[in-house]
file model13.cif (mmCIF, C-alpha atoms)
data_work
loop_
_atom_site.label_atom_id
_atom_site.label_comp_id
_atom_site.auth_asym_id
_atom_site.auth_seq_id
_atom_site.Cartn_x
_atom_site.Cartn_y
_atom_site.Cartn_z
CA MET F 1263 -48.14 91.30 -131.17
CA ALA F 1264 -47.99 88.46 -133.64
CA PRO F 1265 -44.53 86.90 -134.07
CA LEU F 1266 -42.57 87.88 -137.24
CA SER F 1267 -42.66 85.38 -140.03
CA PRO F 1268 -39.37 83.66 -140.97
CA ARG F 1269 -39.49 85.30 -144.43
CA PHE F 1270 -39.85 88.82 -142.97
CA LYS F 1271 -37.01 88.14 -140.54
CA ARG F 1272 -34.71 87.20 -143.45
CA ILE F 1273 -35.61 90.44 -145.30
CA LEU F 1274 -35.01 92.53 -142.18
CA VAL F 1275 -31.59 90.96 -141.59
CA ALA F 1276 -30.62 91.59 -145.22
CA VAL F 1277 -31.62 95.27 -145.01
CA ILE F 1278 -29.69 95.77 -141.77
CA THR F 1279 -26.64 94.08 -143.28
CA LEU F 1280 -26.73 96.30 -146.37
CA LEU F 1281 -27.06 99.44 -144.25
CA GLY F 1282 -24.07 98.35 -142.18
CA LEU F 1283 -21.92 97.71 -145.23
CA PHE F 1284 -22.85 101.13 -146.68
CA ALA F 1285 -21.88 102.83 -143.40
CA VAL F 1286 -18.48 101.09 -143.44
CA TYR F 1287 -17.91 102.16 -147.09
CA LYS F 1288 -18.64 105.81 -146.31
CA THR F 1289 -16.28 105.66 -143.36
CA LEU F 1290 -13.44 104.38 -145.54
CA GLU F 1291 -14.12 106.63 -148.56
CA LEU F 1292 -11.47 109.35 -149.01
CA ASP F 1293 -12.10 112.82 -150.40
CA PRO F 1294 -9.44 113.21 -153.11
CA LEU F 1295 -8.90 116.84 -152.11
CA ASP F 1296 -8.59 116.07 -148.40
CA LYS F 1297 -4.82 116.25 -147.80
CA SER F 1298 -5.09 114.94 -144.24
CA SER F 1299 -6.87 111.77 -145.42
CA ALA F 1300 -5.23 111.13 -148.76
CA GLY F 1301 -1.72 111.92 -147.61
CA SER F 1302 -0.84 113.92 -150.75
CA LEU F 1303 -2.39 116.27 -153.26
CA PRO F 1304 -3.98 114.86 -156.40
CA VAL F 1305 -1.97 114.94 -159.60
CA ARG F 1306 -2.21 118.33 -161.30
CA PRO F 1307 -2.92 118.90 -164.99
CA ASP F 1308 0.17 118.53 -167.12
CA THR F 1309 0.83 119.12 -170.81
CA ASP F 1310 3.83 119.19 -173.10
CA SER F 1311 4.53 121.80 -175.76
CA LEU F 1312 1.81 120.37 -178.01
CA GLY F 1313 -0.95 120.42 -175.40
CA VAL F 1314 -3.11 123.36 -174.42
CA PRO F 1315 -5.30 124.09 -171.39
CA PRO F 1316 -9.01 123.58 -171.91
CA SER F 1317 -10.49 126.40 -173.98
CA ARG F 1318 -12.06 129.03 -171.76
CA ASN F 1319 -14.03 131.52 -173.83
CA GLY F 1320 -14.99 134.53 -171.73
CA THR F 1321 -15.35 133.68 -168.05
CA ASN F 1322 -15.52 130.07 -166.95
CA SER F 1323 -18.10 128.43 -164.71
CA GLU F 1324 -16.35 129.88 -161.65
CA GLY F 1325 -16.46 133.43 -163.02
CA LYS F 1326 -12.73 133.69 -163.72
CA LEU F 1327 -11.34 135.33 -166.84
CA ASN F 1328 -9.25 133.58 -169.50
CA ALA F 1329 -6.04 134.42 -167.69
CA ALA F 1330 -2.95 132.74 -166.26
CA LEU F 1331 0.28 133.41 -164.38
CA VAL F 1332 3.16 132.72 -166.78
CA ALA F 1333 6.90 132.26 -166.39
CA LEU F 1334 9.82 131.37 -168.63
CA VAL F 1335 12.10 129.35 -166.34
CA ARG F 1336 14.90 126.79 -166.17
CA ASN F 1337 14.91 123.52 -164.24
CA SER F 1338 17.66 124.97 -162.04
CA GLU F 1339 15.29 127.71 -160.83
CA LEU F 1340 12.88 125.34 -159.09
CA GLN F 1341 13.40 126.59 -155.53
CA GLY F 1342 13.17 130.24 -156.54
CA LEU F 1343 9.96 129.54 -158.43
CA ARG F 1344 8.50 127.51 -155.55
CA SER F 1345 9.01 130.56 -153.36
CA THR F 1346 7.25 132.80 -155.87
CA VAL F 1347 4.29 130.44 -156.33
CA ARG F 1348 3.87 129.96 -152.59
CA GLN F 1349 3.71 133.74 -152.09
CA LEU F 1350 1.25 134.20 -154.93
CA GLU F 1351 -0.98 131.50 -153.51
CA ASP F 1352 -0.88 133.02 -150.03
CA ARG F 1353 -1.33 136.61 -151.19
CA PHE F 1354 -3.83 136.19 -154.00
CA ASN F 1355 -4.42 132.98 -155.88
CA TRP F 1356 -5.89 130.86 -153.07
CA ARG F 1357 -9.11 132.75 -153.76
CA TYR F 1358 -9.19 132.24 -157.52
CA HIS F 1359 -6.97 129.30 -158.55
CA TYR F 1360 -5.89 130.87 -161.80
CA PRO F 1361 -3.66 128.43 -163.70
CA TYR F 1362 0.12 128.62 -163.88
CA ILE F 1363 1.94 128.12 -167.18
CA PHE F 1364 5.66 127.39 -167.10
CA LEU F 1365 7.77 127.43 -170.25
CA ASN F 1366 11.31 126.18 -170.84
CA ASP F 1367 13.61 125.82 -173.83
CA GLU F 1368 14.37 122.31 -172.51
CA ASP F 1369 12.13 119.55 -171.17
CA PHE F 1370 11.04 120.06 -167.58
CA THR F 1371 12.27 117.37 -165.22
CA GLU F 1372 9.86 115.31 -163.14
CA GLU F 1373 11.52 116.78 -160.05
CA PHE F 1374 10.61 120.27 -161.25
CA LYS F 1375 7.03 119.33 -162.03
CA GLU F 1376 6.45 117.59 -158.70
CA GLY F 1377 8.17 120.44 -156.86
CA ILE F 1378 5.62 122.89 -158.24
CA ARG F 1379 2.56 120.64 -158.03
CA SER F 1380 3.24 119.97 -154.35
CA ILE F 1381 2.68 123.58 -153.26
CA THR F 1382 -0.44 124.62 -155.19
CA GLU F 1383 -3.90 123.27 -155.82
CA SER F 1384 -4.25 125.53 -158.87
CA PRO F 1385 -3.91 124.00 -162.35
CA VAL F 1386 -0.32 123.86 -163.61
CA TYR F 1387 0.81 123.47 -167.23
CA PHE F 1388 4.33 122.81 -168.48
CA GLY F 1389 5.45 123.62 -172.03
CA LYS F 1390 8.55 123.50 -174.17
CA LEU F 1391 9.38 126.35 -176.52
CA PRO F 1392 8.94 125.70 -180.24
CA LYS F 1393 12.40 125.62 -181.86
CA GLU F 1394 11.43 128.31 -184.35
CA HIS F 1395 10.77 130.74 -181.48
CA TRP F 1396 14.08 130.27 -179.66
CA GLY F 1397 17.27 130.99 -181.52
CA LEU F 1398 19.24 133.45 -183.56
CA SER F 1399 17.19 135.97 -185.50
CA PRO F 1400 17.24 135.33 -189.27
CA TYR F 1401 18.15 139.00 -189.74
CA VAL F 1402 21.56 138.85 -188.02
CA THR F 1403 24.75 136.92 -188.73
CA GLU F 1404 26.48 134.64 -186.26
CA GLU F 1405 29.83 136.28 -186.90
CA LYS F 1406 28.57 139.80 -186.15
CA VAL F 1407 26.75 138.57 -183.04
CA LYS F 1408 29.97 137.04 -181.69
CA GLU F 1409 31.77 140.33 -182.35
CA ALA F 1410 29.03 142.27 -180.54
CA LEU F 1411 29.08 139.95 -177.52
CA GLU F 1412 32.85 140.32 -177.22
CA ARG F 1413 32.69 144.09 -177.67
CA ASN F 1414 29.98 144.54 -175.03
CA ARG F 1415 31.15 141.89 -172.57
CA ASP F 1416 32.47 144.35 -169.99
CA ARG F 1417 30.28 147.33 -170.85
CA TYR F 1418 27.15 146.31 -168.94
CA LEU F 1419 25.36 143.42 -167.23
CA TYR F 1420 24.85 140.45 -169.59
CA GLY F 1421 26.92 142.30 -172.17
CA GLY F 1422 28.49 139.04 -173.34
CA SER F 1423 25.51 136.75 -172.77
CA TYR F 1424 23.97 135.09 -175.82
CA SER F 1425 21.26 133.28 -173.81
CA TYR F 1426 20.10 136.55 -172.23
CA ARG F 1427 19.54 137.99 -175.69
CA LEU F 1428 17.58 134.91 -176.73
CA MET F 1429 15.36 135.42 -173.69
CA CYS F 1430 14.78 139.13 -174.40
CA ARG F 1431 13.85 138.43 -178.02
CA TYR F 1432 11.52 135.59 -177.00
CA GLN F 1433 9.77 137.65 -174.32
CA SER F 1434 9.41 140.54 -176.77
CA GLY F 1435 7.90 138.74 -179.72
CA PHE F 1436 7.06 135.10 -179.11
CA ILE F 1437 5.87 134.16 -175.62
CA TYR F 1438 2.26 135.13 -176.36
CA LYS F 1439 2.34 132.84 -179.42
CA HIS F 1440 3.03 129.68 -177.44
CA PRO F 1441 0.22 127.09 -177.82
CA LEU F 1442 -0.40 127.10 -174.07
CA LEU F 1443 -1.25 130.82 -174.19
CA LYS F 1444 -3.38 130.79 -177.32
CA ASP F 1445 -6.75 130.85 -175.47
CA LEU F 1446 -5.71 133.45 -172.90
CA ASP F 1447 -7.05 136.99 -172.87
CA TYR F 1448 -4.69 138.18 -170.09
CA TYR F 1449 -1.42 137.07 -168.59
CA TRP F 1450 0.49 137.96 -165.45
CA ARG F 1451 4.21 137.47 -165.91
CA ILE F 1452 5.98 136.05 -162.88
CA GLU F 1453 9.62 135.26 -162.08
CA PRO F 1454 11.58 133.09 -159.65
CA ASP F 1455 13.22 134.65 -156.58
CA VAL F 1456 10.89 137.63 -156.26
CA HIS F 1457 8.79 138.80 -153.32
CA TYR F 1458 5.15 139.85 -153.13
CA TYR F 1459 4.71 141.96 -150.02
CA CYS F 1460 0.97 142.60 -149.98
CA ASP F 1461 -2.31 140.72 -149.81
CA LEU F 1462 -4.39 141.34 -152.91
CA PRO F 1463 -8.09 141.16 -152.02
CA TYR F 1464 -9.40 141.54 -155.57
CA ASP F 1465 -8.91 140.02 -159.02
CA PRO F 1466 -6.42 142.20 -161.01
CA PHE F 1467 -7.46 140.58 -164.29
CA LYS F 1468 -11.05 141.68 -163.76
CA TYR F 1469 -9.80 145.10 -162.67
CA MET F 1470 -7.98 145.40 -165.99
CA ARG F 1471 -11.07 144.35 -167.94
CA ASP F 1472 -13.56 146.47 -166.03
CA ASN F 1473 -11.42 149.60 -166.36
CA LYS F 1474 -10.49 149.02 -170.02
CA LEU F 1475 -6.80 148.76 -169.15
CA VAL F 1476 -4.25 147.18 -171.45
CA TYR F 1477 -0.94 147.24 -169.57
CA GLY F 1478 -0.25 147.01 -165.82
CA TYR F 1479 3.09 147.39 -164.00
CA THR F 1480 4.61 147.93 -160.56
CA ILE F 1481 8.12 149.38 -161.05
CA SER F 1482 9.47 151.79 -163.68
CA PRO F 1483 13.25 152.37 -163.71
CA VAL F 1484 15.56 153.74 -166.41
CA GLU F 1485 17.50 151.56 -168.82
CA LYS F 1486 21.27 151.72 -169.27
CA PRO F 1487 21.77 153.90 -172.37
CA GLU F 1488 24.62 151.70 -173.59
CA THR F 1489 22.19 148.79 -174.12
CA VAL F 1490 19.76 150.76 -176.31
CA GLU F 1491 22.00 153.07 -178.32
CA THR F 1492 19.97 152.89 -181.54
CA PHE F 1493 16.63 151.81 -180.07
CA TRP F 1494 14.76 155.12 -180.30
CA ASP F 1495 16.21 155.94 -183.72
CA THR F 1496 14.98 152.54 -184.96
CA THR F 1497 11.57 153.11 -183.35
CA ARG F 1498 11.04 156.60 -184.74
CA LYS F 1499 11.70 155.30 -188.25
CA TRP F 1500 8.96 152.72 -187.74
CA ILE F 1501 6.57 155.42 -186.53
CA LEU F 1502 7.18 157.55 -189.60
CA GLU F 1503 6.74 154.56 -191.92
CA ASN F 1504 3.54 153.34 -190.18
CA PRO F 1505 1.42 156.34 -189.09
CA ASP F 1506 -1.81 154.40 -189.62
CA TYR F 1507 -1.02 152.20 -186.61
CA LEU F 1508 -1.11 155.16 -184.23
CA GLN F 1509 -4.20 156.07 -182.19
CA ASP F 1510 -5.48 159.63 -182.21
CA LYS F 1511 -3.60 160.15 -178.94
CA SER F 1512 -0.42 158.59 -177.56
CA PHE F 1513 1.49 158.53 -174.26
CA ILE F 1514 4.84 158.74 -176.05
CA HIS F 1515 5.97 161.76 -174.01
CA TRP F 1516 6.73 159.43 -171.12
CA VAL F 1517 9.54 157.75 -173.08
CA VAL F 1518 10.58 160.60 -175.39
CA ASN F 1519 10.77 164.19 -174.15
CA GLU F 1520 9.72 167.35 -175.97
CA LYS F 1521 13.16 167.69 -177.57
CA GLY F 1522 13.11 164.22 -179.07
CA ARG F 1523 15.44 162.67 -176.49
CA TYR F 1524 14.80 159.11 -175.31
CA THR F 1525 14.29 159.14 -171.54
CA THR F 1526 15.08 155.37 -171.23
CA CYS F 1527 12.09 155.07 -168.87
CA HIS F 1528 10.47 151.66 -169.01
CA PHE F 1529 8.08 149.38 -167.16
CA TRP F 1530 10.07 146.60 -165.48
CA SER F 1531 8.52 143.72 -167.35
CA ASN F 1532 9.51 140.95 -164.93
CA PHE F 1533 6.12 141.96 -163.53
CA GLU F 1534 3.44 142.86 -166.03
CA ILE F 1535 -0.26 142.15 -166.38
CA VAL F 1536 -1.29 142.54 -170.01
CA ASP F 1537 -4.32 142.29 -172.24
CA LEU F 1538 -2.77 139.91 -174.78
CA SER F 1539 -4.79 141.33 -177.65
CA PHE F 1540 -2.25 144.17 -177.53
CA TYR F 1541 0.74 141.92 -178.24
CA ARG F 1542 -1.29 140.04 -180.86
CA SER F 1543 -2.30 143.24 -182.66
CA GLU F 1544 -1.13 143.99 -186.17
CA ALA F 1545 0.54 147.17 -184.91
CA TYR F 1546 2.64 145.41 -182.26
CA GLU F 1547 3.56 142.58 -184.64
CA SER F 1548 4.71 145.11 -187.22
CA TYR F 1549 6.77 146.96 -184.60
CA PHE F 1550 8.46 143.80 -183.30
CA GLU F 1551 9.27 142.65 -186.84
CA HIS F 1552 10.86 146.05 -187.53
CA LEU F 1553 12.99 145.79 -184.39
CA ASP F 1554 14.00 142.23 -185.15
CA ARG F 1555 15.14 143.19 -188.65
CA ALA F 1556 17.30 145.95 -187.16
CA GLY F 1557 19.28 143.39 -185.14
CA GLY F 1558 19.40 145.30 -181.88
CA PHE F 1559 18.37 142.34 -179.75
CA PHE F 1560 21.77 140.81 -180.54
CA TYR F 1561 24.09 143.60 -181.71
CA GLU F 1562 23.12 145.73 -178.69
CA ARG F 1563 21.08 144.39 -175.77
CA TRP F 1564 17.53 145.51 -176.35
CA GLY F 1565 15.49 144.06 -173.51
CA ASP F 1566 11.84 143.09 -173.53
CA ALA F 1567 11.20 145.79 -170.91
CA PRO F 1568 12.09 148.76 -173.14
CA VAL F 1569 10.41 147.06 -176.11
CA HIS F 1570 7.11 146.47 -174.28
CA SER F 1571 7.28 149.93 -172.71
CA MET F 1572 7.99 151.80 -175.92
CA ALA F 1573 5.20 149.91 -177.69
CA ALA F 1574 2.76 150.71 -174.88
CA ALA F 1575 3.73 154.38 -174.76
CA VAL F 1576 3.55 154.85 -178.53
CA LEU F 1577 0.45 152.77 -179.28
CA LEU F 1578 -1.64 153.32 -176.13
CA ARG F 1579 -3.11 156.24 -174.25
CA LYS F 1580 -2.12 157.01 -170.69
CA GLU F 1581 -5.51 155.93 -169.34
CA GLN F 1582 -4.93 152.43 -170.76
CA ILE F 1583 -1.81 151.94 -168.60
CA HIS F 1584 -2.05 151.27 -164.87
CA TRP F 1585 0.39 151.39 -161.97
CA PHE F 1586 -0.53 148.64 -159.49
CA GLU F 1587 0.64 150.73 -156.57
CA ASP F 1588 -0.99 148.35 -154.08
CA ILE F 1589 1.04 145.32 -155.22
CA GLY F 1590 4.22 145.48 -153.15
CA TYR F 1591 6.97 143.78 -155.14
CA HIS F 1592 10.68 143.05 -155.05
CA HIS F 1593 12.89 141.79 -157.84
CA PRO F 1594 16.66 141.81 -157.26
CA GLY F 1595 17.62 145.39 -157.99
CA TYR F 1596 14.48 147.30 -156.98
CA SER F 1597 11.64 147.10 -154.46
CA HIS F 1598 8.29 148.79 -154.19
CA CYS F 1599 5.89 148.96 -151.28
CA PRO F 1600 2.88 151.30 -151.09
CA LYS F 1601 2.89 154.33 -148.80
CA ASN F 1602 -0.87 154.76 -148.90
CA PRO F 1603 -1.98 153.75 -145.37
CA GLU F 1604 -4.94 151.67 -146.55
CA MET F 1605 -2.74 149.78 -149.02
CA ALA F 1606 0.21 149.48 -146.62
CA ALA F 1607 -2.01 147.87 -143.98
CA ARG F 1608 -2.11 144.74 -146.18
CA CYS F 1609 1.67 144.59 -146.61
CA VAL F 1610 4.80 143.43 -144.81
CA CYS F 1611 7.73 145.21 -146.44
CA GLY F 1612 11.47 145.27 -145.99
CA GLY F 1613 13.63 148.37 -145.85
CA GLY F 1614 14.50 150.38 -148.94
CA SER F 1615 11.23 149.61 -150.68
CA ASP F 1616 10.23 153.19 -151.54
CA TYR F 1617 11.92 153.27 -154.95
CA MET F 1618 8.80 154.23 -156.89
CA TYR F 1619 8.34 157.35 -154.77
CA ARG F 1620 11.87 158.46 -155.71
CA SER F 1621 11.91 157.26 -159.32
CA MET F 1622 12.33 159.89 -162.03
CA CYS F 1623 10.25 157.74 -164.36
CA SER F 1624 7.45 157.45 -161.82
CA ARG F 1625 7.38 161.25 -161.39
CA ARG F 1626 7.39 161.74 -165.15
CA PHE F 1627 4.51 159.29 -165.52
CA GLY F 1628 2.43 161.54 -163.28
CA GLU F 1629 3.51 164.78 -164.94
CA VAL F 1630 3.08 164.13 -168.67
CA GLY F 1631 -0.04 163.30 -170.61
CA ASN F 1632 -1.17 162.18 -174.04
CA ILE F 1633 -0.27 164.06 -177.20
CA TYR F 1634 -2.05 164.02 -180.54
CA LYS F 1635 -1.04 161.85 -183.48
CA ASP F 1636 0.35 164.75 -185.54
CA GLN F 1637 2.52 165.74 -182.57
CA VAL F 1638 3.82 162.17 -182.32
CA LEU F 1639 4.84 162.29 -185.98
CA GLU F 1640 6.55 165.66 -185.47
CA LEU F 1641 8.44 164.21 -182.50
CA ALA F 1642 9.51 161.16 -184.48
CA ALA F 1643 10.76 163.41 -187.28
CA LEU F 1644 13.26 165.13 -184.97
CA PRO F 1645 16.81 163.78 -185.29
CA ASP F 1646 17.76 161.27 -182.58
CA LYS F 1647 19.47 163.21 -179.78
CA LYS F 1648 21.81 161.09 -177.69
#
call {"tool": "encode", "arguments": {"input": "model13.cif", "output": "structure tokens"}}
result
Amino acid sequence: MAPLSPRFKRILVAVITLLGLFAVYKTLELDPLDKSSAGSLPVRPDTDSLGVPPSRNGTNSEGKLNAALVALVRNSELQGLRSTVRQLEDRFNWRYHYPYIFLNDEDFTEEFKEGIRSITESPVYFGKLPKEHWGLSPYVTEEKVKEALERNRDRYLYGGSYSYRLMCRYQSGFIYKHPLLKDLDYYWRIEPDVHYYCDLPYDPFKYMRDNKLVYGYTISPVEKPETVETFWDTTRKWILENPDYLQDKSFIHWVVNEKGRYTTCHFWSNFEIVDLSFYRSEAYESYFEHLDRAGGFFYERWGDAPVHSMAAAVLLRKEQIHWFEDIGYHHPGYSHCPKNPEMAARCVCGGGSDYMYRSMCSRRFGEVGNIYKDQVLELAALPDKK
């Protein structure tokens, strides 16, 4: 074989050198999502109250719906919320990476933001409430509110709490108007210090869409009558004044019996999965405005749970409302875990978690059906029976 020319040797050495340098570069290159190599997770998306998540019309490139898990929280609730998020990731969201949206009436601290980012690879957004959404209703007076708080202080839980009433009013009529939620079609409300007992092997947002569902819940207790003394009377007046907002059929018999008595049954809204077009509808907006003008959020203690539940029962049909029996759930006060063997096989539940199988409201949900619009109007025309 003829000896290599000096020029060819120089080219060969250069090629070998370049290949060696490329191999070293690939060895040192770190995958930004590789926690073992990078040492920490990448920085998650972050916005303030003026920012919004990227617009997601319909499903995105990964096939997910325009949906998010949403909570109204305080900085002091970081550890309770970390626990909730960790459970949701383990039980459900590791498959889908739906975004989380956290809202606060104050600025979130960096400690709070980092505490949440460190336990999820899903997108996380932080927002501050617009001032016009958080405060005293323009339809009540400060003096009368103070009198009501003092009068109800020892009558029931949060009887003297002003901030609790602000929260109930915000959750009832404003949370879905926050800029961070404006592009969402569905939301799943979450809370700190709750427990999710069961693995969820499917996408509940898609389940809602595919089955034409509007409202989903897990637990349905009764409300304390003292907190909603004029709630049904105020609602029935709205029904009679706005019959055009009613569908041909309504599930109102779940919340108001045949004699016109308010059952106080409600969906416990600390967990709810909702098609947000319902809350954005002209009918719901009209209903909330009517309630706000009546002053019951402050003079009594109308909660967002009875408000959402009454609106759903009056304006929807039974087949548009769904009990997520397979989502085992605990919020301080009540627990639910499924008895169905196939569902229960995916759960690890504590004791005393059979509330929904003993609940009067759960039994009533199964027993009553829709009634026609003219029957709803007849029911609303009956005098309020305490």
call {"tool": "residues_around", "arguments": {"input": "model13.cif", "residues": "Glu1394 (chain F)", "least_positions_apart": "2", "cutoff": "12 Å", "atoms": "all atoms listed in the file", "output": "NGL selection string"}}
result
:F and (1367 or 1390-1392 or 1396-1400 or 1428 or 1432 or 1435-1437 or 1439-1440)
call {"tool": "residues_around", "arguments": {"input": "model13.cif", "residues": "Arg1427 (chain F)", "least_positions_apart": "6", "cutoff": "10 Å", "atoms": "only C-alpha atoms", "output": "list in words"}}
result
Gly1397, Leu1398, Leu1411, Tyr1420, Gly1421, Gln1433, Gly1558, Phe1559, Phe1560, Tyr1561, Glu1562, Arg1563, Trp1564, Gly1565 and Asp1566 of chain F
call {"tool": "closest_residue", "arguments": {"input": "model13.cif", "among": "F:Tyr1507, F:Trp1516, F:Phe1370, F:Phe1467", "to": "Glu1544 (chain F)", "atoms": "only C-alpha atoms"}}
result
F:Tyr1507
call {"tool": "resolve_selection", "arguments": {"input": "model13.cif", "expression": "the PyMOL selection byres ((chain F and resi 1470) around 12)", "output": "PDB file with C-alpha atoms, in the frame of the given file"}}
result
ATOM      1  CA  LEU F1327     -11.340 135.330-166.840  1.00  0.00           C
ATOM      2  CA  ALA F1329      -6.040 134.420-167.690  1.00  0.00           C
ATOM      3  CA  ASP F1447      -7.050 136.990-172.870  1.00  0.00           C
ATOM      4  CA  TYR F1448      -4.690 138.180-170.090  1.00  0.00           C
ATOM      5  CA  TYR F1449      -1.420 137.070-168.590  1.00  0.00           C
ATOM      6  CA  TRP F1450       0.490 137.960-165.450  1.00  0.00           C
ATOM      7  CA  TYR F1464      -9.400 141.540-155.570  1.00  0.00           C
ATOM      8  CA  ASP F1465      -8.910 140.020-159.020  1.00  0.00           C
ATOM      9  CA  PRO F1466      -6.420 142.200-161.010  1.00  0.00           C
ATOM     10  CA  PHE F1467      -7.460 140.580-164.290  1.00  0.00           C
ATOM     11  CA  LYS F1468     -11.050 141.680-163.760  1.00  0.00           C
ATOM     12  CA  TYR F1469      -9.800 145.100-162.670  1.00  0.00           C
ATOM     13  CA  ARG F1471     -11.070 144.350-167.940  1.00  0.00           C
ATOM     14  CA  ASP F1472     -13.560 146.470-166.030  1.00  0.00           C
ATOM     15  CA  ASN F1473     -11.420 149.600-166.360  1.00  0.00           C
ATOM     16  CA  LYS F1474     -10.490 149.020-170.020  1.00  0.00           C
ATOM     17  CA  LEU F1475      -6.800 148.760-169.150  1.00  0.00           C
ATOM     18  CA  VAL F1476      -4.250 147.180-171.450  1.00  0.00           C
ATOM     19  CA  TYR F1477      -0.940 147.240-169.570  1.00  0.00           C
ATOM     20  CA  GLY F1478      -0.250 147.010-165.820  1.00  0.00           C
ATOM     21  CA  TYR F1479       3.090 147.390-164.000  1.00  0.00           C
ATOM     22  CA  GLU F1534       3.440 142.860-166.030  1.00  0.00           C
ATOM     23  CA  ILE F1535      -0.260 142.150-166.380  1.00  0.00           C
ATOM     24  CA  VAL F1536      -1.290 142.540-170.010  1.00  0.00           C
ATOM     25  CA  ASP F1537      -4.320 142.290-172.240  1.00  0.00           C
ATOM     26  CA  LEU F1538      -2.770 139.910-174.780  1.00  0.00           C
ATOM     27  CA  GLU F1581      -5.510 155.930-169.340  1.00  0.00           C
ATOM     28  CA  GLN F1582      -4.930 152.430-170.760  1.00  0.00           C
ATOM     29  CA  ILE F1583      -1.810 151.940-168.600  1.00  0.00           C
ATOM     30  CA  HIS F1584      -2.050 151.270-164.870  1.00  0.00           C
ATOM     31  CA  TRP F1585       0.390 151.390-161.970  1.00  0.00           C
ATOM     32  CA  PHE F1586      -0.530 148.640-159.490  1.00  0.00           C
TER      33      PHE F1586
END
call {"tool": "resolve_selection", "arguments": {"input": "model13.cif", "expression": "the PyMOL selection byres ((chain F and resi 1511-1513) around 9)", "output": "CSV table (one decimal) with C-alpha atoms, in the frame of the given file"}}
result
chain,number,residue,atom,x,y,z
F,1508,LEU,CA,-1.1,155.2,-184.2
F,1509,GLN,CA,-4.2,156.1,-182.2
F,1510,ASP,CA,-5.5,159.6,-182.2
F,1514,ILE,CA,4.8,158.7,-176.0
F,1515,HIS,CA,6.0,161.8,-174.0
F,1516,TRP,CA,6.7,159.4,-171.1
F,1517,VAL,CA,9.5,157.8,-173.1
F,1574,ALA,CA,2.8,150.7,-174.9
F,1575,ALA,CA,3.7,154.4,-174.8
F,1576,VAL,CA,3.6,154.8,-178.5
F,1577,LEU,CA,0.4,152.8,-179.3
F,1578,LEU,CA,-1.6,153.3,-176.1
F,1579,ARG,CA,-3.1,156.2,-174.2
F,1580,LYS,CA,-2.1,157.0,-170.7
F,1581,GLU,CA,-5.5,155.9,-169.3
F,1630,VAL,CA,3.1,164.1,-168.7
F,1631,GLY,CA,0.0,163.3,-170.6
F,1632,ASN,CA,-1.2,162.2,-174.0
F,1633,ILE,CA,-0.3,164.1,-177.2
F,1634,TYR,CA,-2.0,164.0,-180.5
F,1635,LYS,CA,-1.0,161.8,-183.5
F,1636,ASP,CA,0.4,164.8,-185.5
F,1638,VAL,CA,3.8,162.2,-182.3
call {"tool": "atom_distance", "arguments": {"input": "model13.cif", "atom1": "CA of Glu1368 (chain F)", "atom2": "CA of Tyr1549 (chain F)"}}
result
28.5 Å
call {"tool": "atom_distance", "arguments": {"input": "model13.cif", "atom1": "CA of Tyr1418 (chain F)", "atom2": "CA of Val1402 (chain F)"}}
result
21.2 Å
call {"tool": "resolve_selection", "arguments": {"input": "model13.cif", "expression": "the PyMOL selection byres ((chain F and resi 1640) around 12)", "output": "PyMOL selection string"}}
result
chain F and resi 1498-1499+1501-1502+1505+1514+1518+1520-1522+1633-1639+1641-1645
call {"tool": "residues_around", "arguments": {"input": "model13.cif", "residues": "Leu1340 (chain F)", "least_positions_apart": "5", "cutoff": "9 Å", "atoms": "all atoms listed in the file", "output": "ChimeraX atom specification"}}
result
/F:1335,1345,1373-1375,1377-1378,1454
call {"tool": "residues_around", "arguments": {"input": "model13.cif", "residues": "Val1332 (chain F)", "least_positions_apart": "5", "cutoff": "8 Å", "atoms": "only C-alpha atoms", "output": "list in words"}}
result
Tyr1362, Ile1363, Phe1364, Leu1365, Tyr1449, Trp1450, Arg1451 and Ile1452 of chain F
call {"tool": "closest_residue", "arguments": {"input": "model13.cif", "among": "F:His1592, F:Arg1555, F:Arg1357, F:Arg1620", "to": "Glu1453 (chain F)", "atoms": "all atoms listed in the file"}}
result
F:His1592
call {"tool": "residues_around", "arguments": {"input": "model13.cif", "residues": "Thr1480 (chain F)", "least_positions_apart": "2", "cutoff": "9 Å", "atoms": "only C-alpha atoms", "output": "ChimeraX atom specification"}}
result
/F:1478,1482,1529-1531,1533-1534,1584-1591,1598,1618
call {"tool": "atom_distance", "arguments": {"input": "model13.cif", "atom1": "CA of Glu1547 (chain F)", "atom2": "CA of Trp1500 (chain F)"}}
result
11.9 Å
call {"tool": "closest_residue", "arguments": {"input": "model13.cif", "among": "F:Gln1349, F:Asn1355, F:Leu1443, F:Met1605", "to": "Tyr1541 (chain F)", "atoms": "only C-alpha atoms"}}
result
F:Leu1443
call {"tool": "closest_residue", "arguments": {"input": "model13.cif", "among": "F:Glu1629, F:Glu1372, F:Asp1455, F:Asp1445", "to": "Arg1348 (chain F)", "atoms": "all atoms listed in the file"}}
result
F:Asp1455
call {"tool": "closest_residue", "arguments": {"input": "model13.cif", "among": "F:Gly1342, F:Leu1419, F:Gly1325, F:Asp1616", "to": "Asn1602 (chain F)", "atoms": "only C-alpha atoms"}}
result
F:Asp1616
call {"tool": "closest_residue", "arguments": {"input": "model13.cif", "among": "F:Ser1543, F:Cys1623, F:Phe1388, F:Leu1442", "to": "Asn1519 (chain F)", "atoms": "only C-alpha atoms"}}
result
F:Cys1623
call {"tool": "axis_aligned_box", "arguments": {"input": "model13.cif", "around": "region 1578-1581 of chain F", "padding_each_side": "8 Å", "output": "lines of an AutoDock Vina configuration file"}}
result
center_x = -3.6
center_y = 155.2
center_z = -172.7
size_x = 19.9
size_y = 19.7
size_z = 22.8
